[in-house]
file upload_38.txt (compact mmCIF, C-alpha atoms and all ligand atoms)
# COMPACT_ATOMS: atom_id res chain seq x y z
CA MET Z 239 37.07 -20.80 22.63
CA LYS Z 240 40.18 -20.35 20.47
CA PRO Z 241 40.74 -23.25 18.06
CA ASP Z 242 44.08 -25.07 18.07
CA PHE Z 243 45.70 -24.83 14.67
CA THR Z 244 48.41 -27.09 13.25
CA GLU Z 245 51.72 -25.63 12.10
CA THR Z 246 50.58 -25.79 8.45
CA GLU Z 247 47.31 -24.06 9.31
CA THR Z 248 49.04 -21.33 11.31
CA CYS Z 249 51.45 -20.75 8.44
CA LEU Z 250 48.64 -20.49 5.85
CA ILE Z 251 46.60 -18.16 8.09
CA GLU Z 252 49.65 -15.90 8.47
CA LYS Z 253 50.22 -15.92 4.70
CA ALA Z 254 46.56 -15.01 4.12
CA LYS Z 255 46.88 -12.06 6.51
CA GLN Z 256 50.00 -10.87 4.70
CA ILE Z 257 48.39 -11.17 1.26
CA SER Z 258 45.30 -9.42 2.53
CA ALA Z 259 47.27 -6.50 3.97
CA TYR Z 260 49.92 -6.07 1.28
CA VAL Z 261 48.39 -7.40 -1.95
CA LEU Z 262 44.58 -7.11 -1.68
CA THR Z 263 43.87 -4.07 0.51
CA PRO Z 264 46.04 -1.50 -1.32
CA VAL Z 265 44.08 -2.03 -4.58
CA ALA Z 266 40.73 -3.19 -3.21
CA GLU Z 267 38.72 -0.24 -4.59
CA ALA Z 268 40.40 -0.50 -8.00
CA THR Z 269 39.76 -4.27 -8.02
CA ASP Z 270 36.13 -3.69 -7.06
CA ARG Z 271 35.69 -1.27 -9.96
CA GLY Z 272 37.37 -3.63 -12.45
CA SER Z 273 35.35 -5.44 -15.07
CA ARG Z 274 36.60 -8.90 -14.10
CA PRO Z 275 38.35 -10.70 -11.23
CA ASN Z 276 41.83 -9.38 -10.53
CA SER Z 277 44.12 -12.00 -12.10
CA THR Z 278 47.18 -10.73 -10.21
CA HIS Z 279 45.35 -11.51 -6.97
CA PHE Z 280 44.49 -15.00 -8.13
CA ARG Z 281 48.09 -15.67 -9.14
CA ALA Z 282 49.29 -14.53 -5.70
CA LEU Z 283 46.61 -16.61 -3.95
CA GLY Z 284 47.51 -19.69 -5.99
CA GLU Z 285 51.23 -19.30 -5.28
CA ALA Z 286 50.52 -18.93 -1.56
CA GLY Z 287 48.53 -22.19 -1.42
CA MET Z 288 45.13 -20.50 -1.01
CA ALA Z 289 43.50 -22.34 -3.92
CA GLY Z 290 43.82 -25.84 -2.46
CA LEU Z 291 42.74 -25.22 1.13
CA SER Z 292 39.84 -27.65 0.94
CA LEU Z 293 41.56 -30.29 -1.20
CA PRO Z 294 43.26 -33.48 0.03
CA THR Z 295 47.07 -33.48 0.05
CA LEU Z 296 46.92 -36.38 -2.43
CA TRP Z 297 45.90 -33.84 -5.06
CA GLY Z 298 48.26 -31.11 -3.94
CA GLY Z 299 45.89 -29.37 -1.53
CA SER Z 300 46.55 -28.60 2.12
CA ASP Z 301 43.36 -30.20 3.49
CA ILE Z 302 43.21 -27.84 6.47
CA SER Z 303 40.35 -27.78 8.98
CA SER Z 304 37.20 -25.82 8.31
CA LEU Z 305 38.03 -23.53 11.26
CA ALA Z 306 41.43 -22.69 9.77
CA GLN Z 307 39.73 -22.05 6.41
CA ARG Z 308 37.36 -19.65 8.17
CA GLU Z 309 40.30 -17.64 9.55
CA ILE Z 310 41.74 -17.40 6.04
CA ILE Z 311 38.42 -16.37 4.49
CA GLU Z 312 37.92 -13.73 7.16
CA ALA Z 313 41.43 -12.35 6.57
CA LEU Z 314 41.00 -12.26 2.77
CA ALA Z 315 37.49 -10.78 2.95
CA SER Z 316 38.83 -8.00 5.16
CA GLY Z 317 41.21 -7.13 2.32
CA CYS Z 318 39.05 -7.46 -0.78
CA GLY Z 319 35.48 -8.78 -0.73
CA VAL Z 320 35.18 -9.62 -4.41
CA THR Z 321 38.46 -11.51 -4.59
CA CYS Z 322 37.61 -13.52 -1.51
CA PHE Z 323 34.06 -14.27 -2.67
CA THR Z 324 35.25 -15.47 -6.07
CA LEU Z 325 37.91 -17.67 -4.45
CA MET Z 326 35.28 -19.20 -2.14
CA GLN Z 327 33.27 -20.40 -5.13
CA HIS Z 328 36.38 -22.25 -6.30
CA HIS Z 329 36.88 -23.88 -2.87
CA GLY Z 330 33.33 -25.25 -2.88
CA SER Z 331 33.45 -26.66 -6.39
CA SER Z 332 36.95 -28.20 -6.00
CA ARG Z 333 35.78 -30.01 -2.87
CA MET Z 334 32.72 -31.36 -4.69
CA ILE Z 335 34.94 -32.77 -7.43
CA ALA Z 336 37.35 -34.28 -4.87
CA ASN Z 337 34.46 -35.94 -3.00
CA SER Z 338 33.14 -37.57 -6.17
CA LYS Z 339 34.05 -40.89 -7.75
CA ALA Z 340 34.88 -39.31 -11.12
CA GLU Z 341 38.45 -40.63 -11.03
CA ALA Z 342 39.59 -39.59 -14.51
CA LEU Z 343 38.20 -36.11 -13.97
CA LYS Z 344 39.85 -35.84 -10.54
CA ALA Z 345 43.25 -36.89 -11.89
CA CYS Z 346 42.94 -34.43 -14.77
CA VAL Z 347 41.76 -31.27 -12.99
CA LEU Z 348 42.45 -31.44 -9.24
CA PRO Z 349 46.25 -30.96 -9.30
CA TYR Z 350 45.71 -27.73 -11.28
CA LEU Z 351 42.80 -26.55 -9.14
CA ALA Z 352 44.85 -27.19 -5.97
CA LYS Z 353 47.67 -24.96 -7.18
CA GLY Z 354 45.47 -22.24 -8.65
CA ASN Z 355 46.75 -22.97 -12.16
CA SER Z 356 43.07 -23.12 -13.06
CA TYR Z 357 39.93 -22.26 -11.14
CA CYS Z 358 36.46 -23.83 -11.03
CA ALA Z 359 33.09 -22.08 -10.67
CA VAL Z 360 30.01 -23.50 -8.98
CA SER Z 361 26.32 -23.00 -9.61
CA PHE Z 362 23.62 -24.63 -7.55
CA ALA Z 363 21.86 -21.90 -5.52
CA HIS Z 364 18.99 -22.03 -8.04
CA LEU Z 365 18.08 -25.50 -6.72
CA ARG Z 366 16.74 -23.76 -3.60
CA ARG Z 367 14.11 -21.92 -5.61
CA PRO Z 368 10.56 -23.14 -5.21
CA GLY Z 369 8.42 -24.01 -8.24
CA LYS Z 370 9.43 -25.05 -11.73
CA PRO Z 371 13.17 -25.85 -11.97
CA VAL Z 372 15.23 -23.31 -13.88
CA LEU Z 373 17.73 -25.96 -15.00
CA THR Z 374 16.85 -29.58 -15.75
CA ALA Z 375 18.96 -32.67 -16.44
CA THR Z 376 17.48 -35.42 -18.60
CA PRO Z 377 19.20 -38.83 -18.56
CA VAL Z 378 20.15 -39.92 -22.10
CA ASP Z 379 22.42 -42.58 -23.58
CA GLY Z 380 25.88 -42.15 -22.02
CA GLY Z 381 25.05 -39.14 -19.85
CA TYR Z 382 22.66 -36.24 -19.35
CA ARG Z 383 21.30 -33.30 -21.29
CA LEU Z 384 21.05 -29.98 -19.46
CA SER Z 385 18.45 -27.39 -20.44
CA GLY Z 386 17.59 -24.08 -18.81
CA THR Z 387 19.43 -21.16 -17.25
CA ALA Z 388 21.78 -21.18 -14.27
CA PRO Z 389 21.17 -17.67 -12.89
CA TRP Z 390 24.42 -17.23 -10.97
CA VAL Z 391 27.83 -18.40 -12.20
CA THR Z 392 30.61 -16.37 -10.61
CA GLY Z 393 34.13 -16.13 -12.03
CA TRP Z 394 33.29 -16.71 -15.70
CA GLY Z 395 36.45 -16.21 -17.75
CA LEU Z 396 38.82 -16.53 -14.80
CA MET Z 397 37.41 -19.99 -14.21
CA ASN Z 398 37.44 -22.44 -17.09
CA GLN Z 399 35.07 -25.05 -15.64
CA VAL Z 400 31.88 -25.23 -13.57
CA VAL Z 401 30.27 -27.63 -11.13
CA ILE Z 402 26.61 -27.25 -11.92
CA GLY Z 403 23.46 -28.50 -10.18
CA ALA Z 404 20.26 -29.39 -12.02
CA GLU Z 405 16.96 -31.12 -11.34
CA LEU Z 406 16.22 -34.59 -12.72
CA PRO Z 407 12.75 -35.63 -13.99
CA ASP Z 408 12.17 -37.47 -10.66
CA ALA Z 409 12.93 -34.18 -8.79
CA ARG Z 410 16.27 -35.41 -7.44
CA HIS Z 411 19.25 -33.09 -7.77
CA ILE Z 412 22.31 -33.94 -9.82
CA TYR Z 413 25.74 -32.29 -9.78
CA LEU Z 414 27.85 -32.43 -12.93
CA TRP Z 415 31.19 -31.02 -14.07
CA ILE Z 416 31.27 -29.04 -17.30
CA PRO Z 417 34.17 -27.24 -19.02
CA GLN Z 418 33.92 -23.74 -20.40
CA ASP Z 419 35.62 -25.02 -23.55
CA ARG Z 420 35.80 -28.79 -24.25
CA GLU Z 421 39.00 -28.33 -26.28
CA ASP Z 422 40.89 -27.27 -23.14
CA PHE Z 423 40.14 -30.68 -21.63
CA ALA Z 424 40.47 -32.84 -24.75
CA GLU Z 425 41.73 -35.90 -22.81
CA LEU Z 426 38.46 -35.97 -20.85
CA PHE Z 427 36.46 -36.22 -24.08
CA ASP Z 428 38.70 -38.60 -26.07
CA ASP Z 429 36.50 -41.65 -25.63
CA VAL Z 430 33.19 -39.84 -25.45
CA SER Z 431 30.67 -39.00 -28.10
CA ALA Z 432 27.36 -37.22 -27.73
CA PRO Z 433 24.17 -38.95 -28.89
CA GLU Z 434 23.53 -38.04 -32.54
CA GLN Z 435 26.80 -36.08 -32.41
CA ASN Z 436 24.80 -33.26 -30.86
CA TRP Z 437 26.67 -31.62 -27.97
CA GLY Z 438 24.04 -28.94 -27.49
CA GLU Z 439 24.86 -25.37 -26.57
CA ALA Z 440 26.12 -23.38 -23.58
CA ILE Z 441 25.85 -19.62 -23.82
CA ALA Z 442 27.06 -17.29 -21.09
CA SER Z 443 25.50 -13.84 -20.76
CA ASP Z 444 27.68 -10.78 -20.45
CA PRO Z 445 28.76 -10.31 -16.82
CA LEU Z 446 25.70 -9.10 -14.86
CA PRO Z 447 25.93 -5.42 -13.90
CA LEU Z 448 25.95 -5.57 -10.12
CA CYS Z 449 25.97 -3.08 -7.26
CA ALA Z 450 28.27 -5.27 -5.16
CA MET Z 451 30.82 -7.85 -6.34
CA ASN Z 452 30.54 -6.46 -9.87
CA ALA Z 453 34.10 -7.53 -10.61
CA SER Z 454 33.21 -11.16 -9.89
CA SER Z 455 32.26 -11.77 -13.55
CA THR Z 456 28.99 -13.33 -12.52
CA VAL Z 457 27.02 -14.51 -15.54
CA GLU Z 458 23.84 -16.35 -16.38
CA LEU Z 459 24.60 -19.57 -18.21
CA THR Z 460 21.97 -20.82 -20.63
CA LEU Z 461 22.22 -24.45 -21.63
CA THR Z 462 20.26 -25.99 -24.48
CA ASP Z 463 20.30 -29.80 -24.76
CA TYR Z 464 23.86 -29.53 -23.47
CA PHE Z 465 25.37 -33.04 -23.26
CA VAL Z 466 27.37 -34.05 -20.18
CA PRO Z 467 28.97 -37.52 -20.28
CA GLU Z 468 28.28 -39.91 -17.38
CA ILE Z 469 32.00 -39.86 -16.43
CA HIS Z 470 31.56 -36.20 -15.43
CA PHE Z 471 28.80 -37.04 -12.96
CA LEU Z 472 29.73 -35.94 -9.43
CA HIS Z 473 26.82 -36.86 -7.19
CA HIS Z 474 23.10 -37.06 -6.58
CA SER Z 475 21.15 -35.28 -3.91
CA ASP Z 476 17.62 -33.99 -3.31
CA ARG Z 477 15.77 -30.97 -1.95
CA GLU Z 478 15.46 -32.44 1.57
CA THR Z 479 19.21 -33.13 1.77
CA MET Z 480 19.94 -29.63 0.50
CA GLN Z 481 17.66 -28.16 3.16
CA ARG Z 482 19.29 -30.31 5.85
CA ASN Z 483 22.77 -29.25 4.71
CA ASP Z 484 21.67 -25.61 4.69
CA ARG Z 485 20.37 -25.97 8.25
CA ASN Z 486 23.64 -27.62 9.34
CA ASN Z 487 25.67 -24.88 7.69
CA VAL Z 488 23.82 -21.71 8.73
CA LEU Z 489 27.02 -20.30 10.24
CA GLY Z 490 29.25 -21.33 7.31
CA PRO Z 491 28.85 -18.06 5.42
CA THR Z 492 29.70 -15.85 8.44
CA ALA Z 493 33.49 -15.70 7.98
CA ALA Z 494 33.37 -13.20 5.08
CA PRO Z 495 30.92 -10.75 6.72
CA LEU Z 496 33.07 -10.88 9.88
CA GLY Z 497 36.02 -9.97 7.64
CA CYS Z 498 33.98 -7.11 6.20
CA ALA Z 499 33.22 -5.89 9.74
CA LEU Z 500 36.92 -6.13 10.62
CA ALA Z 501 37.82 -3.97 7.61
CA SER Z 502 35.26 -1.34 8.70
CA LEU Z 503 36.76 -1.38 12.19
CA ARG Z 504 40.16 -0.63 10.65
CA VAL Z 505 38.65 2.36 8.83
CA LEU Z 506 37.06 3.58 12.07
CA ASP Z 507 40.28 3.06 14.00
CA GLY Z 508 42.22 5.13 11.45
CA LEU Z 509 39.60 7.89 11.60
CA ALA Z 510 39.47 7.84 15.39
CA GLU Z 511 43.15 8.68 15.39
CA LYS Z 512 42.94 11.23 12.58
CA ARG Z 513 39.77 13.09 13.53
CA ASN Z 514 39.93 12.53 17.27
CA LEU Z 515 36.17 12.81 17.74
CA PRO Z 516 34.72 11.05 20.84
CA ALA Z 517 31.83 9.57 18.81
CA ILE Z 518 34.22 7.80 16.46
CA HIS Z 519 36.26 6.41 19.38
CA GLU Z 520 33.06 5.22 21.02
CA SER Z 521 31.70 3.66 17.84
CA PHE Z 522 35.01 1.86 17.26
CA GLY Z 523 35.00 0.54 20.84
CA LEU Z 524 31.41 -0.71 20.80
CA LEU Z 525 31.61 -2.30 17.37
CA SER Z 526 34.96 -3.95 18.25
CA GLU Z 527 33.33 -5.53 21.30
CA GLU Z 528 30.42 -6.72 19.19
CA TYR Z 529 32.80 -8.17 16.59
CA SER Z 530 34.70 -10.13 19.28
CA ARG Z 531 31.48 -11.31 20.92
CA LEU Z 532 29.96 -12.55 17.67
CA LYS Z 533 33.16 -14.17 16.43
CA SER Z 534 33.53 -16.07 19.73
CA ALA Z 535 29.86 -17.08 19.68
CA VAL Z 536 30.16 -18.43 16.12
CA LEU Z 537 33.38 -20.33 16.90
CA GLU Z 538 31.92 -21.75 20.08
CA ASP Z 539 28.87 -22.96 18.24
CA LEU Z 540 30.89 -24.48 15.43
CA GLN Z 541 33.11 -26.32 17.90
CA THR Z 542 30.49 -27.56 20.31
CA SER Z 543 27.32 -28.20 18.35
CA SER Z 544 26.19 -31.78 18.16
CA ASP Z 545 23.79 -33.32 15.65
CA ASN Z 546 21.00 -31.44 17.39
CA ILE Z 547 21.68 -27.90 16.27
CA ASN Z 548 19.65 -25.13 17.83
CA LEU Z 549 18.37 -23.74 14.55
CA GLU Z 550 16.75 -20.66 16.04
CA LYS Z 551 19.98 -19.73 17.84
CA VAL Z 552 22.28 -20.16 14.84
CA LEU Z 553 19.90 -18.29 12.54
CA ALA Z 554 19.80 -15.39 15.00
CA LEU Z 555 23.60 -15.45 15.15
CA ARG Z 556 23.93 -15.44 11.35
CA ALA Z 557 21.56 -12.45 11.21
CA GLU Z 558 23.55 -10.64 13.92
CA VAL Z 559 26.73 -11.10 11.87
CA ILE Z 560 25.00 -9.76 8.74
CA LEU Z 561 23.81 -6.75 10.71
CA LEU Z 562 27.26 -6.18 12.23
CA ALA Z 563 28.80 -6.07 8.74
CA GLN Z 564 26.18 -3.49 7.74
CA ARG Z 565 26.48 -1.43 10.95
CA GLY Z 566 30.27 -1.47 10.76
CA ALA Z 567 30.32 -0.34 7.13
CA LEU Z 568 27.65 2.31 7.65
CA SER Z 569 29.50 3.61 10.71
CA ALA Z 570 32.70 3.78 8.65
CA CYS Z 571 30.74 5.78 6.03
CA ALA Z 572 29.25 8.18 8.58
CA ALA Z 573 32.62 8.72 10.26
CA SER Z 574 34.30 9.34 6.89
CA SER Z 575 31.79 12.10 6.01
CA GLY Z 576 31.36 13.06 2.34
CA ALA Z 577 34.53 11.27 1.30
CA ALA Z 578 32.75 7.97 2.01
CA ASN Z 579 30.74 8.47 -1.16
CA SER Z 580 33.80 8.52 -3.36
CA LEU Z 581 34.29 5.34 -5.37
CA SER Z 582 37.90 5.35 -4.25
CA HIS Z 583 36.88 5.19 -0.56
CA PRO Z 584 36.81 1.83 1.25
CA SER Z 585 33.66 2.60 3.30
CA GLN Z 586 31.20 2.63 0.39
CA ARG Z 587 32.72 -0.58 -0.98
CA LEU Z 588 32.38 -2.26 2.41
CA LEU Z 589 28.77 -1.11 2.66
CA ARG Z 590 27.96 -2.66 -0.71
CA GLU Z 591 29.78 -5.85 0.26
CA ALA Z 592 27.77 -5.96 3.50
CA MET Z 593 24.61 -5.73 1.43
CA PHE Z 594 25.78 -8.71 -0.62
CA TYR Z 595 26.34 -10.78 2.53
CA SER Z 596 22.66 -10.26 3.38
CA VAL Z 597 21.68 -12.28 0.28
CA GLN Z 598 24.61 -14.68 -0.15
CA ALA Z 599 23.66 -18.36 0.31
CA GLN Z 600 20.27 -17.14 1.39
CA THR Z 601 17.64 -19.63 2.43
CA GLN Z 602 14.09 -18.84 3.41
CA ASP Z 603 15.11 -19.27 7.10
CA VAL Z 604 18.08 -16.94 6.72
CA MET Z 605 15.94 -14.32 4.97
CA SER Z 606 13.37 -14.52 7.80
CA ALA Z 607 16.05 -14.28 10.50
CA THR Z 608 17.67 -11.28 8.78
CA LEU Z 609 14.36 -9.45 8.38
CA SER Z 610 13.37 -10.26 11.93
CA ALA Z 611 16.70 -8.94 13.30
CA LEU Z 612 16.33 -5.78 11.21
CA SER Z 613 12.74 -5.11 12.27
CA CYS Z 614 13.66 -5.92 15.86
CA SER Z 615 16.09 -2.98 15.88
CA VAL Z 616 13.24 -0.80 14.53
CA THR Z 617 10.96 -1.97 17.37
CA LYS Z 618 13.67 -1.25 19.95
CA THR Z 619 14.15 2.27 18.54
CA ALA Z 620 10.41 2.91 18.69
CA GLU Z 621 10.17 1.93 22.39
C1 LIG N 1 26.75 -11.43 -7.11
C2 LIG N 1 26.22 -12.79 -6.84
C3 LIG N 1 26.97 -13.89 -7.21
C4 LIG N 1 26.49 -15.18 -6.97
N1 LIG N 1 27.24 -16.25 -7.36
C5 LIG N 1 26.78 -17.50 -7.19
C6 LIG N 1 27.51 -18.62 -7.67
O1 LIG N 1 28.58 -18.49 -8.25
N2 LIG N 1 26.99 -19.85 -7.50
C7 LIG N 1 25.79 -20.05 -6.86
O2 LIG N 1 25.36 -21.19 -6.71
N3 LIG N 1 25.10 -18.99 -6.38
C8 LIG N 1 25.55 -17.73 -6.52
N4 LIG N 1 24.81 -16.65 -6.06
C9 LIG N 1 23.53 -16.92 -5.39
C10 LIG N 1 23.53 -16.55 -3.91
O3 LIG N 1 24.37 -17.39 -3.15
C11 LIG N 1 22.10 -16.63 -3.35
O4 LIG N 1 21.58 -17.90 -3.53
C12 LIG N 1 21.20 -15.65 -4.05
O5 LIG N 1 21.72 -14.35 -3.84
C13 LIG N 1 19.80 -15.71 -3.52
O6 LIG N 1 19.00 -14.89 -4.37
P1 LIG N 1 17.96 -15.51 -5.37
O7 LIG N 1 17.32 -14.37 -6.05
O8 LIG N 1 18.58 -16.55 -6.22
O9 LIG N 1 16.96 -16.08 -4.30
P2 LIG N 1 16.08 -17.40 -4.27
O10 LIG N 1 16.98 -18.59 -4.19
O11 LIG N 1 15.08 -17.35 -5.32
O12 LIG N 1 15.39 -17.18 -2.83
C14 LIG N 1 16.14 -17.22 -1.64
C15 LIG N 1 15.54 -18.26 -0.67
O13 LIG N 1 14.20 -17.91 -0.40
C16 LIG N 1 13.34 -18.97 -0.75
N5 LIG N 1 12.15 -18.45 -1.39
C17 LIG N 1 12.10 -17.49 -2.34
N6 LIG N 1 10.82 -17.27 -2.69
C18 LIG N 1 10.06 -18.13 -1.97
C19 LIG N 1 8.65 -18.39 -1.88
N7 LIG N 1 7.77 -17.73 -2.62
N8 LIG N 1 8.25 -19.36 -1.03
C20 LIG N 1 9.13 -20.05 -0.28
N9 LIG N 1 10.46 -19.83 -0.31
C21 LIG N 1 10.92 -18.89 -1.14
C22 LIG N 1 14.10 -19.84 -1.73
O14 LIG N 1 13.65 -21.19 -1.67
C23 LIG N 1 15.51 -19.67 -1.25
O15 LIG N 1 15.77 -20.59 -0.20
C24 LIG N 1 25.25 -15.36 -6.31
C25 LIG N 1 24.49 -14.25 -5.93
C26 LIG N 1 24.96 -12.98 -6.20
C27 LIG N 1 24.10 -11.81 -5.81
call {"tool": "encode", "arguments": {"input": "upload_38.txt", "output": "structure tokens", "more": "lines below"}}
Ligand SMILES: Cc1cc2nc3c(=O)[nH]c(=O)nc-3n(C[C@H](O)[C@H](O)[C@H](O)COP(=O)(O)OP(=O)(O)OC[C@H]3O[C@@H](n4cnc5c(N)ncnc54)[C@H](O)[C@@H]3O)c2cc1C
result
Amino acid sequence: MKPDFTETETCLIEKAKQISAYVLTPVAEATDRGSRPNSTHFRALGEAGMAGLSLPTLWGGSDISSLAQREIIEALASGCGVTCFTLMQHHGSSRMIANSKAEALKACVLPYLAKGNSYCAVSFAHLRRPGKPVLTATPVDGGYRLSGTAPWVTGWGLMNQVVIGAELPDARHIYLWIPQDREDFAELFDDVSAPEQNWGEAIASDPLPLCAMNASSTVELTLTDYFVPEIHFLHHSDRETMQRNDRNNVLGPTAAPLGCALASLRVLDGLAEKRNLPAIHESFGLLSEEYSRLKSAVLEDLQTSSDNINLEKVLALRAEVILLAQRGALSACAASSGAANSLSHPSQRLLREAMFYSVQAQTQDVMSATLSALSCSVTKTAE
């Protein structure tokens, strides 16, 4: 079921494909090996309107449909996984700010976020963790004090602000906006003072050394009595709502792994022509069919599902997409022979990116579905 896109959406999708092919892909391995996000990429993405996809036109965004955004994410992920992943964090956080009632904050930051003149990080995955919260928010006079460590904040340095989730004493969740440096947003702090003039402390770790997405500048952010004024409050939620949203959005994070699979297919296609080995042709054909089947199944589900989602079905589909990204990348490695192991070869990068997609936005259900799909292929082999 092919979605109908508006003229604006079609134009942005086309631009994303062009950027992916001509800006991202040619330097994807170099970008992946860089020590921080590729700022040239982010400039190009901002200029092409890719920063404001999820923002209302009122703020300078393009407010395109989620299906059109998926096409763009898939195209960008097929060019450069780390650039696309880092951009996606910005989309999520910008939308959370736009959906809030923090009017002064919205007027101050959204026009810049929409154009990619600045970027915003997001950190809330830790709220899924069971047990003692890793980051707490305590209500105080005029706002909240944050204490603890946010374990994953992607884009530190490129992004000069963060939407951060923490747990309140009554176990509800709270989402707040914080700047990397208050001085950069002086107008938002003009009329605000911290209780006892104590603003607390926010200390970012060095970027975490990572096997995949290393160039995403992902840090741990440790906050000690860090004061956030009430006017930077975005919204409240709770664990049950988060779990419900996760269940309603199981297929959300499938666009990037489909893009990863598409990139592996391109590698296989190139090799099929160059090496002319029947096994490579066959692998390319079978994996292409699987890519088309899964993409159609995901789109069909996203367009038809009612309030009553079939959780088992969508979890199985998410796992199939994760496995396709891995199979595609591993096939590209095998077909590339020893060269695949070179850090300048796309196949090894795609394989590491595929690994990342098996843990991104992971819930307990998604982990179970992934493990079940993986062990199911073992069972089939054993029969
Ligand atoms: C490179 C990188 C960058 C990232 N960047 C960001 C970012 O910018 N912002 C952000 O918010 N997140 C980010 N993440 C987090 C990412 O989206 C996933 O949430 C994360 O990879 C999951 O790993 P975890 O160790 O945090 O798992 P956990 O969240 O600890 O566990 C995964 C799931 O399993 C469940 N679970 C674990 N143990 C148990 C148990 N004993 N009983 C029941 N359930 C259990 C958890 O509740 C959770 O639902 C990043 C991750 C990586 C690897």
call {"tool": "residues_near_ligand", "arguments": {"input": "upload_38.txt", "ligand": "ligand LIG 1 (chain N)", "cutoff": "7 Å", "atoms": "only C-alpha atoms and all ligand atoms", "output": "list in words"}}
result
Gln327, Ala359, Val360, Ser361, Phe362, Ala363, His364, Arg366, Arg367, Pro368, Trp390, Val391, Thr392, Leu448, Ala450, Met451, Asn452, Thr456, Phe594, Val597, Gln598, Ala599, Gln600, Thr601, Gln602 and Met605 of chain Z
call {"tool": "residues_around", "arguments": {"input": "upload_38.txt", "residues": "stretch 485-498 of chain Z", "least_positions_apart": "5", "cutoff": "9 Å", "atoms": "all atoms listed in the file", "output": "NGL selection string"}}
result
:Z and (308-319 or 322-323 or 480 or 503 or 529 or 532-533 or 536 or 539-540 or 545 or 547 or 549 or 552-553 or 555-556 or 559-560 or 562-564 or 566-567 or 588-589 or 591-592 or 595-596 or 598-599 or 603-604)
call {"tool": "closest_residue", "arguments": {"input": "upload_38.txt", "among": "Z:Ile518, Z:Leu348, Z:Cys571, Z:Ala453", "to": "Z:Gly272", "atoms": "all atoms listed in the file"}}
result
Z:Ala453
call {"tool": "closest_residue", "arguments": {"input": "upload_38.txt", "among": "Z:Ala254, Z:Ala557, Z:Leu365, Z:Ala286", "to": "Z:Leu609", "atoms": "all atoms listed in the file"}}
result
Z:Ala557
call {"tool": "closest_residue", "arguments": {"input": "upload_38.txt", "among": "Z:Lys339, Z:His279, Z:His329, Z:Arg587", "to": "Z:His473", "atoms": "all atoms listed in the file"}}
result
Z:Lys339
call {"tool": "closest_residue", "arguments": {"input": "upload_38.txt", "among": "Z:Asn579, Z:Phe465, Z:Asn398, Z:Arg565", "to": "Z:Glu421", "atoms": "only C-alpha atoms"}}
result
Z:Asn398
call {"tool": "atom_distance", "arguments": {"input": "upload_38.txt", "atom1": "atom CA of Z:Tyr413", "atom2": "atom CA of Z:Val401"}}
result
6.6 Å
call {"tool": "residues_near_point", "arguments": {"input": "upload_38.txt", "point": "(22.3, -23.9, -15.7)", "cutoff": "12 Å", "atoms": "all atoms listed in the file", "output": "MDAnalysis selection string"}}
result
chainID Z and resid 360:365 371:375 383:391 400:405 412:416 439:443 457:464
call {"tool": "closest_residue", "arguments": {"input": "upload_38.txt", "among": "Z:Leu515, Z:Ala432, Z:Ala573, Z:Ile251", "to": "Z:Ser502", "atoms": "all atoms listed in the file"}}
result
Z:Ala573
call {"tool": "atom_distance", "arguments": {"input": "upload_38.txt", "atom1": "atom CA of Z:Ser292", "atom2": "atom CA of Z:Phe280"}}
result
16.2 Å
call {"tool": "closest_residue", "arguments": {"input": "upload_38.txt", "among": "Z:Val378, Z:Ala554, Z:Leu396, Z:Val265", "to": "Z:Leu325", "atoms": "all atoms listed in the file"}}
result
Z:Leu396
call {"tool": "residues_around", "arguments": {"input": "upload_38.txt", "residues": "stretch 240-246 of chain Z", "least_positions_apart": "5", "cutoff": "9 Å", "atoms": "only C-alpha atoms", "output": "list in words"}}
result
Ile251, Ser300, Ile302, Ser303, Leu305, Ala306, Ser534, Leu537, Glu538 and Gln541 of chain Z
call {"tool": "residues_around", "arguments": {"input": "upload_38.txt", "residues": "Z:Lys353", "least_positions_apart": "2", "cutoff": "8 Å", "atoms": "all atoms listed in the file", "output": "CSV table (one decimal) with C-alpha atoms, keeping the file's coordinate frame"}}
result
chain,number,residue,atom,x,y,z
Z,284,GLY,CA,47.5,-19.7,-6.0
Z,285,GLU,CA,51.2,-19.3,-5.3
Z,287,GLY,CA,48.5,-22.2,-1.4
Z,289,ALA,CA,43.5,-22.3,-3.9
Z,290,GLY,CA,43.8,-25.8,-2.5
Z,298,GLY,CA,48.3,-31.1,-3.9
Z,299,GLY,CA,45.9,-29.4,-1.5
Z,349,PRO,CA,46.2,-31.0,-9.3
Z,350,TYR,CA,45.7,-27.7,-11.3
Z,351,LEU,CA,42.8,-26.6,-9.1
Z,355,ASN,CA,46.8,-23.0,-12.2
Z,356,SER,CA,43.1,-23.1,-13.1
call {"tool": "atom_distance", "arguments": {"input": "upload_38.txt", "atom1": "atom CA of Z:Gln399", "atom2": "atom CA of Z:Ser475"}}
result
20.9 Å
